[in-house]
file protein.tsv (TSV, C-alpha atoms)
chain	number	residue	atom	x	y	z
P	84	MET	CA	5.43	81.48	29.15
P	85	GLN	CA	6.42	84.33	26.87
P	86	SER	CA	5.22	84.29	23.26
P	87	THR	CA	7.97	86.37	21.64
P	88	PHE	CA	11.63	87.18	22.02
P	89	GLU	CA	12.57	90.81	21.48
P	90	LYS	CA	15.20	89.93	18.86
P	91	PRO	CA	16.23	86.73	17.10
P	92	GLY	CA	19.36	84.74	17.73
P	93	TYR	CA	21.47	82.43	19.82
P	94	LYS	CA	20.88	84.25	23.12
P	95	ASN	CA	17.33	82.84	23.18
P	96	THR	CA	18.41	79.19	22.94
P	97	GLU	CA	18.20	78.21	26.60
P	98	GLU	CA	14.76	79.78	27.08
P	99	ALA	CA	13.49	78.35	23.77
P	100	LEU	CA	14.51	74.86	24.90
P	101	GLU	CA	12.78	75.37	28.26
P	102	ILE	CA	9.60	76.41	26.37
P	103	MET	CA	9.98	73.26	24.26
P	104	LEU	CA	10.17	71.04	27.36
P	105	GLU	CA	7.29	72.83	29.11
P	106	SER	CA	5.17	72.51	25.94
P	107	CYS	CA	5.91	68.78	25.66
P	108	ARG	CA	4.56	68.35	29.17
P	109	LYS	CA	1.57	70.65	28.61
P	110	TYR	CA	0.47	68.97	25.36
P	111	GLY	CA	1.64	65.43	26.11
P	112	ILE	CA	4.11	65.47	23.20
P	113	ASN	CA	6.69	62.69	23.11
P	114	GLN	CA	8.76	63.72	20.09
P	115	VAL	CA	10.85	66.79	19.32
P	116	VAL	CA	12.72	67.89	16.21
P	117	VAL	CA	15.54	70.42	16.64
P	118	ALA	CA	17.59	72.17	13.97
P	119	SER	CA	21.32	72.25	14.64
P	120	THR	CA	24.09	73.29	12.26
P	121	GLY	CA	27.27	72.94	14.32
P	122	GLY	CA	25.66	70.86	17.04
P	123	GLY	CA	25.40	73.28	19.97
P	124	THR	CA	21.62	73.53	20.02
P	125	GLY	CA	21.22	69.81	19.36
P	126	LEU	CA	23.56	68.93	22.20
P	127	ALA	CA	21.78	71.30	24.62
P	128	ALA	CA	18.43	69.72	23.68
P	129	ALA	CA	19.83	66.19	24.06
P	130	LYS	CA	21.12	66.96	27.55
P	131	LEU	CA	17.83	68.58	28.57
P	132	LEU	CA	15.73	65.68	27.26
P	133	GLN	CA	17.90	62.79	28.47
P	134	ASP	CA	15.91	60.28	30.50
P	135	SER	CA	12.66	62.16	29.74
P	136	GLY	CA	11.16	59.51	27.43
P	137	ILE	CA	10.85	62.16	24.70
P	138	ARG	CA	12.25	61.15	21.30
P	139	LEU	CA	14.69	63.75	19.97
P	140	VAL	CA	15.67	64.10	16.32
P	141	VAL	CA	18.40	66.65	15.58
P	142	VAL	CA	18.32	67.75	11.92
P	143	THR	CA	21.46	69.16	10.32
P	144	HIS	CA	22.33	70.84	7.05
P	145	ASN	CA	23.12	68.43	4.23
P	146	TYR	CA	26.68	67.47	3.29
P	147	GLY	CA	28.14	70.05	0.93
P	148	PHE	CA	25.90	72.86	2.20
P	149	LYS	CA	28.87	75.21	2.61
P	150	GLU	CA	31.61	73.38	0.70
P	151	PRO	CA	31.55	70.18	-1.40
P	152	GLY	CA	32.16	67.02	0.61
P	153	THR	CA	32.10	68.73	4.00
P	154	HIS	CA	29.69	68.76	6.91
P	155	GLU	CA	29.32	71.57	9.44
P	156	MET	CA	28.70	69.39	12.51
P	157	PRO	CA	31.87	67.79	13.83
P	158	GLN	CA	31.67	63.99	14.08
P	159	GLU	CA	32.58	64.20	17.78
P	160	THR	CA	29.59	66.46	18.46
P	161	ARG	CA	27.28	64.15	16.51
P	162	ALA	CA	28.52	61.20	18.57
P	163	GLU	CA	28.00	63.11	21.83
P	164	ILE	CA	24.42	64.03	20.87
P	165	GLU	CA	23.73	60.39	20.00
P	166	SER	CA	25.24	59.27	23.33
P	167	PHE	CA	22.24	60.93	25.01
P	168	GLY	CA	19.86	58.77	22.96
P	169	ALA	CA	19.01	61.35	20.28
P	170	ARG	CA	19.06	60.66	16.54
P	171	VAL	CA	21.00	63.00	14.25
P	172	HIS	CA	19.48	63.25	10.77
P	173	THR	CA	21.37	64.68	7.80
P	174	ALA	CA	19.36	64.87	4.59
P	175	THR	CA	18.34	67.03	1.67
P	176	MET	CA	16.75	70.24	2.91
P	177	ALA	CA	13.12	70.02	1.81
P	178	LEU	CA	12.66	73.73	1.03
P	179	ARG	CA	16.10	74.63	-0.26
P	180	ASN	CA	18.36	72.41	-2.31
P	181	ILE	CA	16.56	71.77	-5.61
P	182	GLY	CA	14.89	75.19	-5.49
P	183	THR	CA	18.26	76.86	-5.01
P	184	ALA	CA	19.64	75.04	-8.04
P	185	ILE	CA	16.64	76.10	-10.14
P	186	ARG	CA	16.89	79.69	-8.92
P	187	SER	CA	20.54	79.85	-9.94
P	188	ARG	CA	19.41	79.20	-13.53
P	189	GLN	CA	16.09	81.01	-13.84
P	190	GLU	CA	15.61	83.19	-10.70
P	191	TYR	CA	12.42	81.47	-9.49
P	192	SER	CA	11.41	78.23	-7.84
P	193	GLN	CA	8.23	77.03	-6.20
P	194	GLN	CA	10.26	75.90	-3.19
P	195	ASP	CA	11.61	79.44	-2.78
P	196	LEU	CA	8.04	80.75	-2.81
P	197	VAL	CA	7.00	78.40	0.00
P	198	ALA	CA	10.15	79.07	2.05
P	199	ASN	CA	9.88	82.84	1.64
P	200	THR	CA	6.20	82.77	2.59
P	201	LEU	CA	7.07	80.91	5.81
P	202	ARG	CA	9.80	83.48	6.50
P	203	ILE	CA	7.05	86.09	6.86
P	204	PHE	CA	6.76	84.59	10.36
P	205	GLY	CA	10.55	84.57	10.79
P	206	GLN	CA	13.44	82.42	9.61
P	207	GLY	CA	12.88	79.99	12.47
P	208	MET	CA	9.34	79.18	11.31
P	209	ASN	CA	10.63	78.24	7.85
P	210	VAL	CA	13.19	75.95	9.48
P	211	CYS	CA	10.66	74.41	11.91
P	212	VAL	CA	8.42	73.34	9.02
P	213	GLU	CA	11.38	72.13	6.95
P	214	ILE	CA	13.01	70.01	9.67
P	215	VAL	CA	9.70	68.37	10.59
P	216	MET	CA	9.23	67.33	6.94
P	217	MET	CA	12.83	66.09	6.78
P	218	ALA	CA	12.40	64.01	9.95
P	219	ALA	CA	9.09	62.63	8.61
P	220	ASP	CA	10.72	61.84	5.24
P	221	GLY	CA	13.44	59.93	7.10
P	222	GLY	CA	10.91	57.92	9.12
P	223	LEU	CA	12.31	59.32	12.37
P	224	ILE	CA	9.03	60.67	13.77
P	225	THR	CA	5.50	59.34	13.88
P	226	PRO	CA	2.47	61.15	12.42
P	227	ASP	CA	1.65	62.34	15.97
P	228	ASP	CA	2.15	66.01	16.90
P	229	VAL	CA	5.71	67.18	17.36
P	230	ILE	CA	7.43	70.18	18.92
P	231	ALA	CA	9.88	71.80	16.48
P	232	VAL	CA	12.74	74.06	17.57
P	233	ALA	CA	14.78	76.24	15.21
P	234	GLY	CA	16.32	79.66	14.98
P	235	THR	CA	17.75	82.53	13.05
P	236	ALA	CA	21.36	81.81	12.05
P	237	ARG	CA	22.71	80.09	15.21
P	238	GLY	CA	20.86	78.87	18.26
P	239	ALA	CA	17.12	78.60	18.83
P	240	ASP	CA	14.50	81.34	18.94
P	241	THR	CA	11.40	79.66	17.50
P	242	VAL	CA	9.31	76.80	18.94
P	243	ALA	CA	6.16	75.44	17.27
P	244	LEU	CA	3.62	72.67	17.79
P	245	ILE	CA	3.21	70.93	14.42
P	246	ALA	CA	1.12	68.09	13.03
P	247	PRO	CA	3.82	66.57	10.79
P	248	GLN	CA	3.71	65.32	7.22
P	249	SER	CA	6.33	64.21	4.75
P	250	SER	CA	7.54	66.74	2.19
P	251	ASN	CA	5.37	65.35	-0.59
P	252	LYS	CA	2.33	66.24	1.59
P	253	LEU	CA	3.48	69.74	2.60
P	254	PHE	CA	0.00	71.24	2.45
P	255	ASP	CA	-1.35	68.65	4.87
P	256	LEU	CA	1.24	69.68	7.50
P	257	LYS	CA	-0.32	71.97	10.11
P	258	VAL	CA	1.36	74.51	12.35
P	259	LYS	CA	-1.00	74.17	15.30
P	260	GLU	CA	0.62	76.74	17.58
P	261	ILE	CA	3.61	79.05	17.50
P	262	LEU	CA	4.89	78.74	21.06
P	263	VAL	CA	7.60	81.39	20.79
P	264	LYS	CA	9.27	83.38	18.02
P	265	PRO	CA	11.21	86.62	17.70
P	266	PHE	CA	9.10	89.79	17.75
P	267	SER	CA	11.30	91.28	15.04
P	268	TRP	CA	13.81	89.72	12.67
call {"tool": "encode", "arguments": {"input": "protein.tsv", "output": "structure tokens"}}
result
Amino acid sequence: MQSTFEKPGYKNTEEALEIMLESCRKYGINQVVVASTGGGTGLAAAKLLQDSGIRLVVVTHNYGFKEPGTHEMPQETRAEIESFGARVHTATMALRNIGTAIRSRQEYSQQDLVANTLRIFGQGMNVCVEIVMMAADGGLITPDDVIAVAGTARGADTVALIAPQSSNKLFDLKVKEILVKPFSW
């Protein structure tokens, strides 16, 4: 199993999802959280995990992320993902929304500091931590270890083994192993 991709991006999605599945088997993990904006990565994960007994939570951007009152994942795609037994979770982004509003007024937020620190490891690592907290906040995963899958812009290029916590217990969350991430970003 490779530990880095040469460059970030969508082209790594298929291999990242294979690493996710292999890691679930290796570590005995029965729950996965995947970031998906338009639904492509979530749908690919749902198809791969169907009939596996592994719980899949697909986490999206919140409504209004791009434009007020809109959502980036088409309802048909959401329904197709759910037809494979996955849950699609749309909620407030734990490391973005309030911090972004504060930053727009005073140029600093504690949430930005945490998110930017995680980005030292790549954009996908920030998203992995965030979506695990969002899924925990929504009660969609148990406190048992989880495999998180995220990426840079579109697709998947980062996979991590995480001991989850809800967002109010961020510093108790543990990234146990980075299974794959881009070498450069």
call {"tool": "residues_around", "arguments": {"input": "protein.tsv", "residues": "region 135-144 of chain P", "least_positions_apart": "4", "cutoff": "10 Å", "atoms": "only C-alpha atoms", "output": "VMD selection string"}}
result
chain P and resid 104 107 to 108 111 to 122 124 to 126 128 to 131 148 to 149 154 to 156 161 164 to 165 167 to 176 210 213 to 215 217 to 218 223 to 224 229 to 233
call {"tool": "atom_distance", "arguments": {"input": "protein.tsv", "atom1": "CA of Ser166 (chain P)", "atom2": "CA of Gly123 (chain P)"}}
result
14.4 Å
call {"tool": "residues_around", "arguments": {"input": "protein.tsv", "residues": "region 199-206 of chain P", "least_positions_apart": "2", "cutoff": "9 Å", "atoms": "only C-alpha atoms", "output": "list of chain:residue names"}}
result
P:Pro91, P:Gln194, P:Asp195, P:Leu196, P:Val197, P:Met208, P:Asn209, P:Val210, P:Cys211, P:Val212, P:Ala233, P:Gly234, P:Thr235, P:Ala236, P:Thr241, P:Lys264, P:Pro265, P:Phe266, P:Ser267, P:Trp268
call {"tool": "atom_distance", "arguments": {"input": "protein.tsv", "atom1": "CA of Ala198 (chain P)", "atom2": "CA of Thr160 (chain P)"}}
result
28.4 Å
call {"tool": "atom_distance", "arguments": {"input": "protein.tsv", "atom1": "CA of Gln248 (chain P)", "atom2": "CA of Tyr93 (chain P)"}}
result
27.7 Å
call {"tool": "closest_residue", "arguments": {"input": "protein.tsv", "among": "P:Ala99, P:Arg237, P:Asp228, P:Leu178", "to": "Val258 (chain P)", "atoms": "only C-alpha atoms"}}
result
P:Asp228
call {"tool": "closest_residue", "arguments": {"input": "protein.tsv", "among": "P:Glu89, P:Asp255, P:Glu105, P:Glu159", "to": "Val242 (chain P)", "atoms": "only C-alpha atoms"}}
result
P:Glu105
call {"tool": "build_atoms", "arguments": {"input": "protein.tsv", "residues": "region 200-229 of chain P", "atoms": "N, CA and C atoms", "output": "short mmCIF file (atom, residue, chain, number, x, y, z; two decimals), keeping the file's coordinate frame"}}
result
data_model
loop_
_atom_site.label_atom_id
_atom_site.label_comp_id
_atom_site.auth_asym_id
_atom_site.auth_seq_id
_atom_site.Cartn_x
_atom_site.Cartn_y
_atom_site.Cartn_z
N THR P 200 7.49 82.52 1.94
CA THR P 200 6.20 82.77 2.59
C THR P 200 6.28 82.41 4.08
N LEU P 201 6.90 81.29 4.40
CA LEU P 201 7.07 80.91 5.81
C LEU P 201 7.95 81.91 6.55
N ARG P 202 8.91 82.50 5.86
CA ARG P 202 9.80 83.48 6.50
C ARG P 202 9.07 84.76 6.89
N ILE P 203 7.86 84.96 6.41
CA ILE P 203 7.05 86.09 6.86
C ILE P 203 6.90 86.02 8.39
N PHE P 204 6.88 84.80 8.92
CA PHE P 204 6.76 84.59 10.36
C PHE P 204 8.11 84.53 11.04
N GLY P 205 9.19 84.64 10.27
CA GLY P 205 10.55 84.57 10.79
C GLY P 205 11.29 83.39 10.21
N GLN P 206 12.62 83.49 10.16
CA GLN P 206 13.44 82.42 9.61
C GLN P 206 13.23 81.11 10.37
N GLY P 207 13.06 81.20 11.67
CA GLY P 207 12.88 79.99 12.47
C GLY P 207 11.63 79.21 12.09
N MET P 208 10.56 79.89 11.69
CA MET P 208 9.34 79.18 11.31
C MET P 208 9.56 78.39 10.02
N ASN P 209 10.28 78.97 9.07
CA ASN P 209 10.63 78.24 7.85
C ASN P 209 11.39 76.97 8.21
N VAL P 210 12.37 77.10 9.11
CA VAL P 210 13.19 75.95 9.48
C VAL P 210 12.38 74.93 10.27
N CYS P 211 11.50 75.36 11.16
CA CYS P 211 10.66 74.41 11.91
C CYS P 211 9.87 73.52 10.96
N VAL P 212 9.21 74.12 9.98
CA VAL P 212 8.42 73.34 9.02
C VAL P 212 9.34 72.41 8.23
N GLU P 213 10.46 72.92 7.78
CA GLU P 213 11.38 72.13 6.95
C GLU P 213 11.95 70.93 7.71
N ILE P 214 12.39 71.12 8.94
CA ILE P 214 13.01 70.01 9.67
C ILE P 214 11.99 68.94 10.06
N VAL P 215 10.75 69.35 10.29
CA VAL P 215 9.70 68.37 10.59
C VAL P 215 9.46 67.50 9.35
N MET P 216 9.39 68.12 8.17
CA MET P 216 9.23 67.33 6.94
C MET P 216 10.42 66.40 6.72
N MET P 217 11.63 66.91 6.97
CA MET P 217 12.83 66.09 6.78
C MET P 217 12.83 64.89 7.73
N ALA P 218 12.46 65.11 8.99
CA ALA P 218 12.40 64.01 9.95
C ALA P 218 11.31 63.01 9.56
N ALA P 219 10.16 63.52 9.07
CA ALA P 219 9.09 62.63 8.61
C ALA P 219 9.55 61.85 7.37
N ASP P 220 10.20 62.52 6.43
CA ASP P 220 10.72 61.84 5.24
C ASP P 220 11.68 60.72 5.61
N GLY P 221 12.47 60.93 6.66
CA GLY P 221 13.44 59.93 7.10
C GLY P 221 12.86 58.84 7.98
N GLY P 222 11.55 58.93 8.28
CA GLY P 222 10.91 57.92 9.12
C GLY P 222 11.32 58.00 10.58
N LEU P 223 11.80 59.17 11.01
CA LEU P 223 12.31 59.32 12.37
C LEU P 223 11.29 59.83 13.36
N ILE P 224 10.12 60.26 12.89
CA ILE P 224 9.03 60.67 13.77
C ILE P 224 7.75 59.99 13.31
N THR P 225 6.80 59.91 14.21
CA THR P 225 5.50 59.34 13.88
C THR P 225 4.59 60.46 13.37
N PRO P 226 3.41 60.11 12.87
CA PRO P 226 2.47 61.15 12.42
C PRO P 226 1.84 61.95 13.57
N ASP P 227 2.18 61.61 14.81
CA ASP P 227 1.65 62.34 15.97
C ASP P 227 2.29 63.72 16.05
N ASP P 228 1.63 64.64 16.75
CA ASP P 228 2.15 66.01 16.90
C ASP P 228 3.57 66.01 17.41
N VAL P 229 4.30 67.05 17.01
CA VAL P 229 5.71 67.18 17.36
C VAL P 229 5.98 68.64 17.76
#
